[in-house]
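Written below as structure tokens is the structure these notes are about.
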Amino acid sequence: MAKHLTSRDKDYSQWYNDLVVQAGLADSSAVRGCMVIKPHGYAIWEAMQADLDRRFKETGHENAYFPLFIPKSYFSKEAAHVEGFAKECAVVTHYRLKNDPNGKGVIVDESAKLEEELIVRPTSETIIWDTYKNWIQSYRDLPILINQWANVVRWEMRTRLFLRTTEFLWQEGHTAHATEQEAIAEAEQMLHVYGDFAEDMMAMPVLRGIKSPNERFAGAIETYCIEALMQDGKALQAGTSHFLGQNFAKAFDVTFQDKDGKVKHVWATSWGVSTRLMGALVMSHSDDQGLVIPPKLAPTQIVIIPIYRGPEQLEAISLVVEPLLAELRAAGIRVKFDNRDTYKPGWKFNEYELKGVPIRIAVGPRDLENKQVEIARRDTLTKETMPMEGLIDRMVEMLSEIQKDLFDAAKRRLDDSIVKVDSWPEFEVAIKAGGFISAHWDGTAETEELIKRKTKATIRCIPLNNPQENGSCILTGEPSPERVLFAIAY
RNA sequence: CGGGAUGUAGCUCAGGUGGUAGAGUACACGCCUGGGGGGCGUGUGGUCGCAGGUUCAAGUCCUGUCAUCCCGACCA
């Protein structure tokens, strides 16, 4: 293991790459653009999954699973959807290999060409709507509220661990409703499920809003999103929820007979978050020492490290630590006693800091004498000694304190980053400084495109419940009814 | 797909005008150690990305090829 991370000041991007690998979250793999998610990274993802899954079920959704492969013809059915995804689809053309007659190895057996080529799903709308068609006849069959946990493939040109990989893990919800109103309510509800999850579990404050037409999901009428701010001042789209209108229902002919006897197309939503959240988590809280993981998602919340000389001292420490472990576990804390004799205390300190364990407890002979322990907080890198007496309650309290402090610090960063700007020269300066810029926009895709070309900034979202305020477009001076949020994004 | 860089030990890298493959770190073993990535010693570990070519001789020179990284265009 390398001893030093690149510091954030020196090269934020390199810091991120180093950290993801060194903290054991993920590695790049032998397959271009695809990553291996390692146990530490996967444990965090599982914690995210578990909580999200609970929230989905609490809002009435059920899990199901649809195929990895999608017939090519399905893709052409919804025009905007094809347009959006065609350029990044992996295509299966054959189903058999054979020994290479000219040498070693195997080659594609040309005689085993598929009648119809299969797309590896970049998202599942098409196969799902083709399936829903058969499930829906009456308004009594609605709503359909389904989620699936799956992997998808999007053939990206440039990839980065977690932030953009060719294959990634995600969940995709796909719902069908009898009315437009109900579908919109569903899309909005899921946006809030995502927002609450990000804030409660990841301690990552987000902005909730809708996308400009340019940034909308391919095939959606409206795309809702949560946007987060990374430490380097760049924005990151952390989750999206789409109101799909009747686009897919019409493309796949999904109809139902309503109470009034009329045959109607259903209304749809889809929504998803991916392993990209892992990247967001890393870039929200971590520092030059390594990861900082909010307690609610930390696979290990407290690590106990014995400091000893010889087996007798370890034995004495263990006698005190074992009951402590049991009590901490009984209090619902995920705790680990690292009594490996193969690593030294100093090495372990650094290791757990790198991995982001929220609290470290060190117990040595001095502590045994004084009936105390040394507590170190990962987020603040502070240490203090505490009496063993009342330790459990104090730990429970400290974990929630850390969770709150992480959120508060990130919230302050986000709030402080949002600046109102009313002139183009100011805009150019502000966007370089990072963060979100609140500015007027004339509402046209052309202007949005031009701003992007000039500054790399995009409209991240139009906030929900955005105050209406007459103004003039930052670039063109045309009238504008409200401010929108710009940023340079991942 | 354009522009740039790099492929040598698990990792980071050194190897002038061709001549028996190196260091640090990691790993294994031993002793000393132990409250912030310990010290000393002894070892293990390489088809020099791959394929050709030049040469008595190629990590080094030539051609091709593949891969990775960075910068652009595309994207969650």
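The chains in the structure tokens are called A, B, ... from first to last as shown; in each chain the residues are counted from 1, and the ligands are counted from 1 in the order shown.
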Near chain A, meaning an atom within 8 Å, which residues of chain B appear when counting only C-alpha atoms (C1' of nucleotides)? Write them as an mmCIF file with all heavy atoms, in the first residue's frame.
data_model
loop_
_atom_site.group_PDB
_atom_site.id
_atom_site.type_symbol
_atom_site.label_atom_id
_atom_site.label_comp_id
_atom_site.auth_asym_id
_atom_site.auth_seq_id
_atom_site.Cartn_x
_atom_site.Cartn_y
_atom_site.Cartn_z
ATOM 1 P P C B 11 1.815 -4.403 -10.494
ATOM 2 O OP1 C B 11 0.659 -4.049 -11.351
ATOM 3 O OP2 C B 11 3.132 -4.699 -11.100
ATOM 4 O "O5'" C B 11 2.010 -3.253 -9.415
ATOM 5 C "C5'" C B 11 0.887 -2.626 -8.815
ATOM 6 C "C4'" C B 11 1.366 -1.540 -7.871
ATOM 7 O "O4'" C B 11 2.192 -2.150 -6.839
ATOM 8 C "C3'" C B 11 2.276 -0.493 -8.510
ATOM 9 O "O3'" C B 11 1.537 0.536 -9.134
ATOM 10 C "C2'" C B 11 3.075 0.007 -7.313
ATOM 11 O "O2'" C B 11 2.342 0.912 -6.546
ATOM 12 C "C1'" C B 11 3.264 -1.279 -6.514
ATOM 13 N N1 C B 11 4.525 -1.973 -6.815
ATOM 14 C C2 C B 11 5.719 -1.433 -6.311
ATOM 15 O O2 C B 11 5.675 -0.396 -5.641
ATOM 16 N N3 C B 11 6.890 -2.059 -6.553
ATOM 17 C C4 C B 11 6.901 -3.184 -7.271
ATOM 18 N N4 C B 11 8.076 -3.770 -7.489
ATOM 19 C C5 C B 11 5.712 -3.747 -7.817
ATOM 20 C C6 C B 11 4.553 -3.111 -7.566
ATOM 21 P P A B 26 7.326 -1.528 3.186
ATOM 22 O OP1 A B 26 6.471 -1.071 4.288
ATOM 23 O OP2 A B 26 8.655 -2.108 3.464
ATOM 24 O "O5'" A B 26 6.519 -2.559 2.284
ATOM 25 C "C5'" A B 26 5.147 -2.314 1.968
ATOM 26 C "C4'" A B 26 4.638 -3.381 1.029
ATOM 27 O "O4'" A B 26 5.422 -3.381 -0.184
ATOM 28 C "C3'" A B 26 4.755 -4.816 1.553
ATOM 29 O "O3'" A B 26 3.656 -5.157 2.369
ATOM 30 C "C2'" A B 26 4.765 -5.617 0.260
ATOM 31 O "O2'" A B 26 3.476 -5.747 -0.279
ATOM 32 C "C1'" A B 26 5.593 -4.705 -0.648
ATOM 33 N N9 A B 26 7.019 -5.033 -0.604
ATOM 34 C C8 A B 26 8.011 -4.367 0.063
ATOM 35 N N7 A B 26 9.208 -4.904 -0.086
ATOM 36 C C5 A B 26 8.977 -6.001 -0.904
ATOM 37 C C6 A B 26 9.819 -6.976 -1.433
ATOM 38 N N6 A B 26 11.140 -7.018 -1.210
ATOM 39 N N1 A B 26 9.270 -7.932 -2.217
ATOM 40 C C2 A B 26 7.956 -7.892 -2.443
ATOM 41 N N3 A B 26 7.049 -7.025 -2.001
ATOM 42 C C4 A B 26 7.632 -6.086 -1.231
ATOM 43 P P G B 34 9.102 -0.642 22.559
ATOM 44 O OP1 G B 34 9.489 0.715 23.000
ATOM 45 O OP2 G B 34 8.975 -1.735 23.534
ATOM 46 O "O5'" G B 34 7.762 -0.530 21.737
ATOM 47 C "C5'" G B 34 7.669 0.390 20.645
ATOM 48 C "C4'" G B 34 6.351 0.176 19.954
ATOM 49 O "O4'" G B 34 6.236 -1.204 19.553
ATOM 50 C "C3'" G B 34 5.144 0.463 20.832
ATOM 51 O "O3'" G B 34 4.085 0.977 20.033
ATOM 52 C "C2'" G B 34 4.752 -0.903 21.343
ATOM 53 O "O2'" G B 34 3.380 -1.027 21.642
ATOM 54 C "C1'" G B 34 5.099 -1.780 20.150
ATOM 55 N N9 G B 34 5.449 -3.148 20.527
ATOM 56 C C8 G B 34 6.380 -3.539 21.442
ATOM 57 N N7 G B 34 6.450 -4.830 21.575
ATOM 58 C C5 G B 34 5.506 -5.313 20.680
ATOM 59 C C6 G B 34 5.125 -6.637 20.381
ATOM 60 O O6 G B 34 5.564 -7.677 20.856
ATOM 61 N N1 G B 34 4.134 -6.677 19.415
ATOM 62 C C2 G B 34 3.573 -5.585 18.816
ATOM 63 N N2 G B 34 2.637 -5.824 17.906
ATOM 64 N N3 G B 34 3.910 -4.338 19.083
ATOM 65 C C4 G B 34 4.879 -4.282 20.025
ATOM 66 P P G B 35 4.153 2.482 19.486
ATOM 67 O OP1 G B 35 4.703 2.429 18.130
ATOM 68 O OP2 G B 35 4.780 3.361 20.506
ATOM 69 O "O5'" G B 35 2.608 2.835 19.330
ATOM 70 C "C5'" G B 35 1.801 2.900 20.470
ATOM 71 C "C4'" G B 35 1.147 4.263 20.566
ATOM 72 O "O4'" G B 35 0.231 4.236 21.652
ATOM 73 C "C3'" G B 35 2.145 5.386 20.857
ATOM 74 O "O3'" G B 35 1.678 6.528 20.153
ATOM 75 C "C2'" G B 35 2.027 5.579 22.384
ATOM 76 O "O2'" G B 35 2.230 6.918 22.778
ATOM 77 C "C1'" G B 35 0.567 5.214 22.627
ATOM 78 N N9 G B 35 0.269 4.593 23.900
ATOM 79 C C8 G B 35 1.094 4.060 24.842
ATOM 80 N N7 G B 35 0.444 3.584 25.875
ATOM 81 C C5 G B 35 -0.899 3.828 25.587
ATOM 82 C C6 G B 35 -2.074 3.557 26.308
ATOM 83 O O6 G B 35 -2.180 2.995 27.401
ATOM 84 N N1 G B 35 -3.198 3.985 25.645
ATOM 85 C C2 G B 35 -3.199 4.609 24.422
ATOM 86 N N2 G B 35 -4.374 4.947 23.922
ATOM 87 N N3 G B 35 -2.110 4.869 23.708
ATOM 88 C C4 G B 35 -1.007 4.460 24.365
ATOM 89 P P G B 36 2.485 7.046 18.909
ATOM 90 O OP1 G B 36 3.911 6.593 18.912
ATOM 91 O OP2 G B 36 2.169 8.471 18.771
ATOM 92 O "O5'" G B 36 1.712 6.192 17.804
ATOM 93 C "C5'" G B 36 2.428 5.310 16.938
ATOM 94 C "C4'" G B 36 2.350 5.810 15.512
ATOM 95 O "O4'" G B 36 0.969 6.155 15.210
ATOM 96 C "C3'" G B 36 3.159 7.068 15.211
ATOM 97 O "O3'" G B 36 3.563 7.044 13.847
ATOM 98 C "C2'" G B 36 2.142 8.181 15.361
ATOM 99 O "O2'" G B 36 2.455 9.324 14.592
ATOM 100 C "C1'" G B 36 0.901 7.501 14.812
ATOM 101 N N9 G B 36 -0.353 8.029 15.300
ATOM 102 C C8 G B 36 -0.695 8.333 16.591
ATOM 103 N N7 G B 36 -1.918 8.782 16.693
ATOM 104 C C5 G B 36 -2.394 8.781 15.393
ATOM 105 C C6 G B 36 -3.654 9.164 14.874
ATOM 106 O O6 G B 36 -4.623 9.586 15.487
ATOM 107 N N1 G B 36 -3.720 9.009 13.507
ATOM 108 C C2 G B 36 -2.696 8.533 12.731
ATOM 109 N N2 G B 36 -2.945 8.445 11.436
ATOM 110 N N3 G B 36 -1.519 8.166 13.193
ATOM 111 C C4 G B 36 -1.439 8.318 14.520
ATOM 112 P P G B 37 4.847 6.044 13.491
ATOM 113 O OP1 G B 37 5.590 5.431 14.601
ATOM 114 O OP2 G B 37 5.537 6.868 12.479
ATOM 115 O "O5'" G B 37 4.040 4.897 12.785
ATOM 116 C "C5'" G B 37 3.254 5.214 11.625
ATOM 117 C "C4'" G B 37 3.086 3.953 10.853
ATOM 118 O "O4'" G B 37 2.079 4.150 9.850
ATOM 119 C "C3'" G B 37 4.346 3.498 10.105
ATOM 120 O "O3'" G B 37 4.271 2.084 10.099
ATOM 121 C "C2'" G B 37 4.091 3.996 8.687
ATOM 122 O "O2'" G B 37 4.765 3.164 7.746
ATOM 123 C "C1'" G B 37 2.608 3.813 8.575
ATOM 124 N N9 G B 37 1.854 4.589 7.621
ATOM 125 C C8 G B 37 2.034 5.865 7.152
ATOM 126 N N7 G B 37 1.104 6.219 6.289
ATOM 127 C C5 G B 37 0.298 5.106 6.197
ATOM 128 C C6 G B 37 -0.875 4.861 5.438
ATOM 129 O O6 G B 37 -1.462 5.616 4.676
ATOM 130 N N1 G B 37 -1.369 3.592 5.633
ATOM 131 C C2 G B 37 -0.811 2.658 6.475
ATOM 132 N N2 G B 37 -1.419 1.483 6.551
ATOM 133 N N3 G B 37 0.267 2.867 7.208
ATOM 134 C C4 G B 37 0.754 4.095 7.012
ATOM 135 P P C B 74 -20.015 17.228 -27.053
ATOM 136 O OP1 C B 74 -21.251 17.764 -27.658
ATOM 137 O OP2 C B 74 -19.574 17.699 -25.734
ATOM 138 O "O5'" C B 74 -20.114 15.649 -27.021
ATOM 139 C "C5'" C B 74 -21.063 14.943 -27.826
ATOM 140 C "C4'" C B 74 -21.257 13.557 -27.278
ATOM 141 O "O4'" C B 74 -19.952 12.998 -26.981
ATOM 142 C "C3'" C B 74 -21.992 13.458 -25.940
ATOM 143 O "O3'" C B 74 -23.400 13.473 -26.096
ATOM 144 C "C2'" C B 74 -21.481 12.141 -25.394
ATOM 145 O "O2'" C B 74 -22.132 11.053 -26.007
ATOM 146 C "C1'" C B 74 -20.022 12.163 -25.847
ATOM 147 N N1 C B 74 -19.139 12.702 -24.792
ATOM 148 C C2 C B 74 -18.600 11.807 -23.860
ATOM 149 O O2 C B 74 -18.881 10.617 -23.953
ATOM 150 N N3 C B 74 -17.780 12.301 -22.893
ATOM 151 C C4 C B 74 -17.500 13.595 -22.828
ATOM 152 N N4 C B 74 -16.692 14.017 -21.857
ATOM 153 C C5 C B 74 -18.044 14.526 -23.762
ATOM 154 C C6 C B 74 -18.849 14.042 -24.720
ATOM 155 P P C B 75 -24.297 14.002 -24.881
ATOM 156 O OP1 C B 75 -25.711 13.866 -25.296
ATOM 157 O OP2 C B 75 -23.785 15.317 -24.433
ATOM 158 O "O5'" C B 75 -23.969 12.944 -23.755
ATOM 159 C "C5'" C B 75 -24.998 12.160 -23.178
ATOM 160 C "C4'" C B 75 -24.409 11.154 -22.252
ATOM 161 O "O4'" C B 75 -22.967 11.172 -22.385
ATOM 162 C "C3'" C B 75 -24.645 11.400 -20.763
ATOM 163 O "O3'" C B 75 -25.884 10.868 -20.342
ATOM 164 C "C2'" C B 75 -23.473 10.670 -20.121
ATOM 165 O "O2'" C B 75 -23.707 9.288 -20.058
ATOM 166 C "C1'" C B 75 -22.352 10.932 -21.136
ATOM 167 N N1 C B 75 -21.493 12.081 -20.788
ATOM 168 C C2 C B 75 -20.716 12.034 -19.619
ATOM 169 O O2 C B 75 -20.770 11.044 -18.888
ATOM 170 N N3 C B 75 -19.911 13.087 -19.323
ATOM 171 C C4 C B 75 -19.866 14.142 -20.132
ATOM 172 N N4 C B 75 -19.069 15.154 -19.801
ATOM 173 C C5 C B 75 -20.657 14.215 -21.317
ATOM 174 C C6 C B 75 -21.449 13.173 -21.599
ATOM 175 P P A B 76 -26.746 11.634 -19.223
ATOM 176 O OP1 A B 76 -28.116 11.548 -19.702
ATOM 177 O OP2 A B 76 -26.175 12.937 -18.913
ATOM 178 O "O5'" A B 76 -26.599 10.747 -17.909
ATOM 179 C "C5'" A B 76 -27.688 10.717 -17.015
ATOM 180 C "C4'" A B 76 -27.167 10.656 -15.607
ATOM 181 O "O4'" A B 76 -26.667 9.335 -15.332
ATOM 182 C "C3'" A B 76 -26.015 11.612 -15.329
ATOM 183 O "O3'" A B 76 -26.065 12.154 -14.043
ATOM 184 C "C2'" A B 76 -24.794 10.723 -15.452
ATOM 185 O "O2'" A B 76 -23.715 11.126 -14.634
ATOM 186 C "C1'" A B 76 -25.327 9.381 -14.964
ATOM 187 N N9 A B 76 -24.621 8.284 -15.619
ATOM 188 C C8 A B 76 -24.664 7.922 -16.932
ATOM 189 N N7 A B 76 -23.897 6.898 -17.215
ATOM 190 C C5 A B 76 -23.304 6.572 -16.000
ATOM 191 C C6 A B 76 -22.382 5.585 -15.645
ATOM 192 N N6 A B 76 -21.889 4.710 -16.505
ATOM 193 N N1 A B 76 -21.997 5.532 -14.357
ATOM 194 C C2 A B 76 -22.501 6.421 -13.499
ATOM 195 N N3 A B 76 -23.375 7.392 -13.716
ATOM 196 C C4 A B 76 -23.742 7.415 -15.005
#
Subject >> Shell of 12 Å around U60 of chain B, only C-alpha atoms (C1' of nucleotides), local chain residues under 4 positions omitted, as a ChimeraX atom specification >> reply: /B:8,15-19,48
Could you take the residues named above and write them with C-alpha atoms (C1' of nucleotides), as a CSV table (one decimal), in the first residue's frame?
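selection_39.csv written:
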chain,number,residue,atom,x,y,z
B,8,U,C1',10.8,-3.2,-16.9
B,15,G,C1',18.6,1.3,-16.5
B,16,G,C1',24.1,7.1,-21.8
B,17,U,C1',26.8,5.8,-27.6
B,18,G,C1',23.4,-2.3,-27.8
B,19,G,C1',27.4,-6.6,-24.1
B,48,C,C1',11.6,-5.9,-19.9
Original post:
When distances are computed from only C-alpha atoms, which of A:Met386, A:Ala220, A:Met398, A:Ala433 shows the smallest separation from Trp271 of chain A?
Top reply: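 Smallest separation from Trp271 of chain A among the options: A:Ala220.
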Assign secondary structure with DSSP using the backbone only, and return the residues of segment 183-295 of chain A in strand (DSSP E) as a compact mmCIF listing (two decimals) with N, CA, C and O atoms, in the first residue's frame.
# COMPACT_ATOMS: atom_id res chain seq x y z
N VAL A 206 -28.42 18.15 -0.87
CA VAL A 206 -28.63 18.23 -2.31
C VAL A 206 -29.61 19.33 -2.66
O VAL A 206 -30.41 19.74 -1.83
N LEU A 207 -29.54 19.76 -3.89
CA LEU A 207 -30.53 20.69 -4.42
C LEU A 207 -31.51 19.86 -5.23
O LEU A 207 -31.11 19.00 -6.00
N ARG A 208 -32.80 20.14 -5.01
CA ARG A 208 -33.84 19.41 -5.73
C ARG A 208 -34.42 20.31 -6.81
O ARG A 208 -34.73 21.47 -6.52
N GLY A 209 -34.53 19.77 -7.98
CA GLY A 209 -35.06 20.62 -9.04
C GLY A 209 -35.44 19.84 -10.27
O GLY A 209 -35.53 18.61 -10.24
N ILE A 210 -35.70 20.57 -11.35
CA ILE A 210 -35.98 19.93 -12.62
C ILE A 210 -34.91 20.32 -13.63
O ILE A 210 -34.26 21.36 -13.50
N GLU A 222 -40.43 15.36 -18.28
CA GLU A 222 -39.80 16.17 -17.24
C GLU A 222 -38.80 15.29 -16.50
O GLU A 222 -39.10 14.14 -16.20
N THR A 223 -37.62 15.84 -16.24
CA THR A 223 -36.65 15.11 -15.43
C THR A 223 -36.39 15.88 -14.14
O THR A 223 -36.01 17.05 -14.18
N TYR A 224 -36.66 15.22 -13.03
CA TYR A 224 -36.36 15.80 -11.72
C TYR A 224 -34.99 15.29 -11.30
O TYR A 224 -34.61 14.17 -11.63
N CYS A 225 -34.27 16.11 -10.54
CA CYS A 225 -32.93 15.65 -10.17
C CYS A 225 -32.53 16.16 -8.80
O CYS A 225 -33.08 17.14 -8.31
N ILE A 226 -31.58 15.44 -8.20
CA ILE A 226 -30.90 15.99 -7.04
C ILE A 226 -29.45 16.26 -7.47
O ILE A 226 -28.83 15.45 -8.15
N GLU A 227 -28.98 17.43 -7.11
CA GLU A 227 -27.63 17.84 -7.47
C GLU A 227 -26.84 18.10 -6.19
O GLU A 227 -27.32 18.76 -5.27
N ALA A 228 -25.63 17.58 -6.16
CA ALA A 228 -24.80 17.77 -4.97
C ALA A 228 -23.55 18.57 -5.36
O ALA A 228 -23.20 18.66 -6.53
N LEU A 229 -22.91 19.15 -4.34
CA LEU A 229 -21.70 19.92 -4.59
C LEU A 229 -20.50 19.16 -4.04
O LEU A 229 -20.48 18.76 -2.88
N ALA A 235 -20.34 20.38 -9.55
CA ALA A 235 -21.63 19.79 -9.21
C ALA A 235 -21.65 18.34 -9.68
O ALA A 235 -20.94 17.96 -10.60
N LEU A 236 -22.48 17.55 -9.01
CA LEU A 236 -22.63 16.16 -9.42
C LEU A 236 -24.09 15.76 -9.34
O LEU A 236 -24.72 15.89 -8.30
N GLN A 237 -24.61 15.29 -10.47
CA GLN A 237 -25.98 14.80 -10.50
C GLN A 237 -26.02 13.47 -9.76
O GLN A 237 -25.35 12.53 -10.17
N ALA A 238 -26.78 13.43 -8.68
CA ALA A 238 -26.72 12.25 -7.82
C ALA A 238 -27.91 11.32 -7.98
O ALA A 238 -27.88 10.19 -7.52
N GLY A 239 -28.95 11.80 -8.64
CA GLY A 239 -30.10 10.94 -8.84
C GLY A 239 -31.11 11.63 -9.74
O GLY A 239 -31.18 12.87 -9.75
N THR A 240 -31.85 10.85 -10.51
CA THR A 240 -32.86 11.47 -11.38
C THR A 240 -34.16 10.67 -11.32
O THR A 240 -34.16 9.47 -11.09
N SER A 241 -35.25 11.39 -11.52
CA SER A 241 -36.58 10.80 -11.51
C SER A 241 -37.32 11.43 -12.68
O SER A 241 -37.33 12.65 -12.82
N HIS A 242 -37.90 10.58 -13.53
CA HIS A 242 -38.48 11.11 -14.76
C HIS A 242 -39.98 10.90 -14.85
O HIS A 242 -40.49 9.81 -14.57
N PHE A 243 -40.65 11.96 -15.27
CA PHE A 243 -42.04 11.83 -15.68
C PHE A 243 -42.01 11.58 -17.18
O PHE A 243 -41.54 12.44 -17.94
N LEU A 244 -42.45 10.39 -17.58
CA LEU A 244 -42.29 9.99 -18.98
C LEU A 244 -43.53 10.28 -19.82
O LEU A 244 -43.56 9.96 -21.02
N GLY A 245 -44.55 10.83 -19.17
CA GLY A 245 -45.78 11.09 -19.91
C GLY A 245 -46.34 9.80 -20.47
O GLY A 245 -46.35 8.76 -19.80
N THR A 255 -52.08 0.21 -23.14
CA THR A 255 -53.36 0.88 -22.90
C THR A 255 -54.15 0.16 -21.81
O THR A 255 -53.87 -1.00 -21.50
N PHE A 256 -55.13 0.86 -21.27
CA PHE A 256 -56.03 0.25 -20.29
C PHE A 256 -57.41 0.85 -20.49
O PHE A 256 -57.57 1.94 -21.05
N GLN A 257 -58.41 0.09 -20.06
CA GLN A 257 -59.76 0.62 -20.13
C GLN A 257 -60.08 1.25 -18.80
O GLN A 257 -59.99 0.63 -17.75
N VAL A 263 -60.65 3.55 -23.67
CA VAL A 263 -59.31 2.99 -23.71
C VAL A 263 -58.30 4.13 -23.74
O VAL A 263 -58.41 5.04 -24.57
N LYS A 264 -57.35 4.09 -22.79
CA LYS A 264 -56.37 5.19 -22.67
C LYS A 264 -54.96 4.65 -22.57
O LYS A 264 -54.76 3.51 -22.15
N HIS A 265 -54.00 5.47 -22.93
CA HIS A 265 -52.60 5.10 -22.71
C HIS A 265 -52.24 5.38 -21.26
O HIS A 265 -52.72 6.35 -20.67
N TRP A 267 -49.74 6.35 -18.01
CA TRP A 267 -48.75 7.39 -17.73
C TRP A 267 -47.60 6.74 -16.97
O TRP A 267 -47.81 5.87 -16.13
N ALA A 268 -46.38 7.20 -17.26
CA ALA A 268 -45.21 6.45 -16.76
C ALA A 268 -44.20 7.32 -16.03
O ALA A 268 -44.12 8.54 -16.24
N THR A 269 -43.43 6.65 -15.16
CA THR A 269 -42.25 7.30 -14.58
C THR A 269 -41.10 6.29 -14.60
O THR A 269 -41.31 5.10 -14.72
N SER A 270 -39.89 6.81 -14.49
CA SER A 270 -38.76 5.95 -14.17
C SER A 270 -37.80 6.78 -13.33
O SER A 270 -37.81 8.02 -13.40
N TRP A 271 -37.00 6.10 -12.51
CA TRP A 271 -36.12 6.83 -11.59
C TRP A 271 -34.96 5.93 -11.20
O TRP A 271 -35.10 4.71 -11.13
N GLY A 272 -33.80 6.54 -10.99
CA GLY A 272 -32.63 5.71 -10.69
C GLY A 272 -31.51 6.44 -9.96
O GLY A 272 -31.33 7.65 -10.10
N VAL A 273 -30.81 5.67 -9.17
CA VAL A 273 -29.51 6.11 -8.65
C VAL A 273 -28.53 4.95 -8.85
O VAL A 273 -28.93 3.80 -8.91
N SER A 274 -27.26 5.31 -8.93
CA SER A 274 -26.28 4.30 -9.30
C SER A 274 -25.08 4.30 -8.37
O SER A 274 -25.01 5.07 -7.41
**OP:** Run DSSP on the backbone and grab whatever in segment 42-184 of chain A lands in helix (DSSP H, G or I); send it over as a VMD selection string.
**Re:** chain A and resid 42 to 58 72 to 75 79 to 88 110 to 112 125 to 135 139 to 141 180 to 184
Original post:
If we count only C-alpha atoms (C1' of nucleotides), what is near segment 406-421 of chain A at a cut-off of 10 Å, once residues fewer than 3 positions away on the same chain are taken out, given as a PyMOL selection string?
Top reply: chain A and resi 198-207+228-231+233+235+284-285+292-295+379-380+400-403+424-431+433-440+474+483-487
**OP:** With a distance cut-off of 7 Å and only C-alpha atoms (C1' of nucleotides), select the neighbouring residues of Gln372 of chain A, excluding the residue or stretch itself and same-chain residues fewer than 6 positions from it, and output the selection as a PyMOL selection string.
**Re:** chain A and resi 385-388
Can I get the selected residues back with N, CA and C atoms, as a tab-separated table (two decimals), in the first residue's frame?
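Now in out25.tsv:
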chain	number	residue	atom	x	y	z
A	385	THR	N	-9.31	11.49	25.84
A	385	THR	CA	-9.46	10.30	26.66
A	385	THR	C	-10.80	10.39	27.38
A	386	MET	N	-11.43	9.22	27.54
A	386	MET	CA	-12.74	9.17	28.17
A	386	MET	C	-12.77	8.03	29.16
A	387	PRO	N	-13.49	8.22	30.25
A	387	PRO	CA	-13.64	7.12	31.21
A	387	PRO	C	-14.44	5.98	30.58
A	388	MET	N	-14.12	4.75	30.98
A	388	MET	CA	-14.87	3.59	30.51
A	388	MET	C	-16.32	3.70	30.93
**OP:** Excluding Arg453 of chain A and residues on its chain fewer than 4 positions from it, collect all residues at most 12 Å away from it, counting only C-alpha atoms (C1' of nucleotides), and give them as a PyMOL selection string.
**Re:** (chain A and resi 428+446-449+457-458+488) or (chain B and resi 73)
Original post:
How many Å lie between atom C1' of G46 of chain B and atom C1' of C66 of chain B, rounded to one decimal?
Top reply: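 Separation of atom C1' of G46 of chain B and atom C1' of C66 of chain B: 20.3 Å.
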Subject >> Of the listed residues A:Pro299, A:Pro323, A:Gly279, A:Gly443, that which approaches Ala43 of chain A most closely, counting only C-alpha atoms >> reply: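 Among the listed residues, A:Pro299 lies closest to Ala43 of chain A.
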**OP:** Please measure the separation of atom CA of Lys211 of chain A and atom CA of Lys456 of chain A, giving the value in Å to one decimal.
**Re:**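 These two atoms are separated by 16.7 Å.
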**OP:** Find, counting only C-alpha atoms, the residue in A:Phe162, A:Trp149, A:Phe248, A:Trp170 that gets nearest to Ile127 of chain A.
**Re:**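 Of the candidates, the smallest distance to Ile127 of chain A is held by A:Phe248.
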**OP:** Calculate how many Å separate atom C1' of A5 of chain B from atom CA of Gln14 of chain A, rounding to one decimal.
**Re:**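 Pair atom C1' of A5 of chain B / atom CA of Gln14 of chain A returns 16.4 Å.
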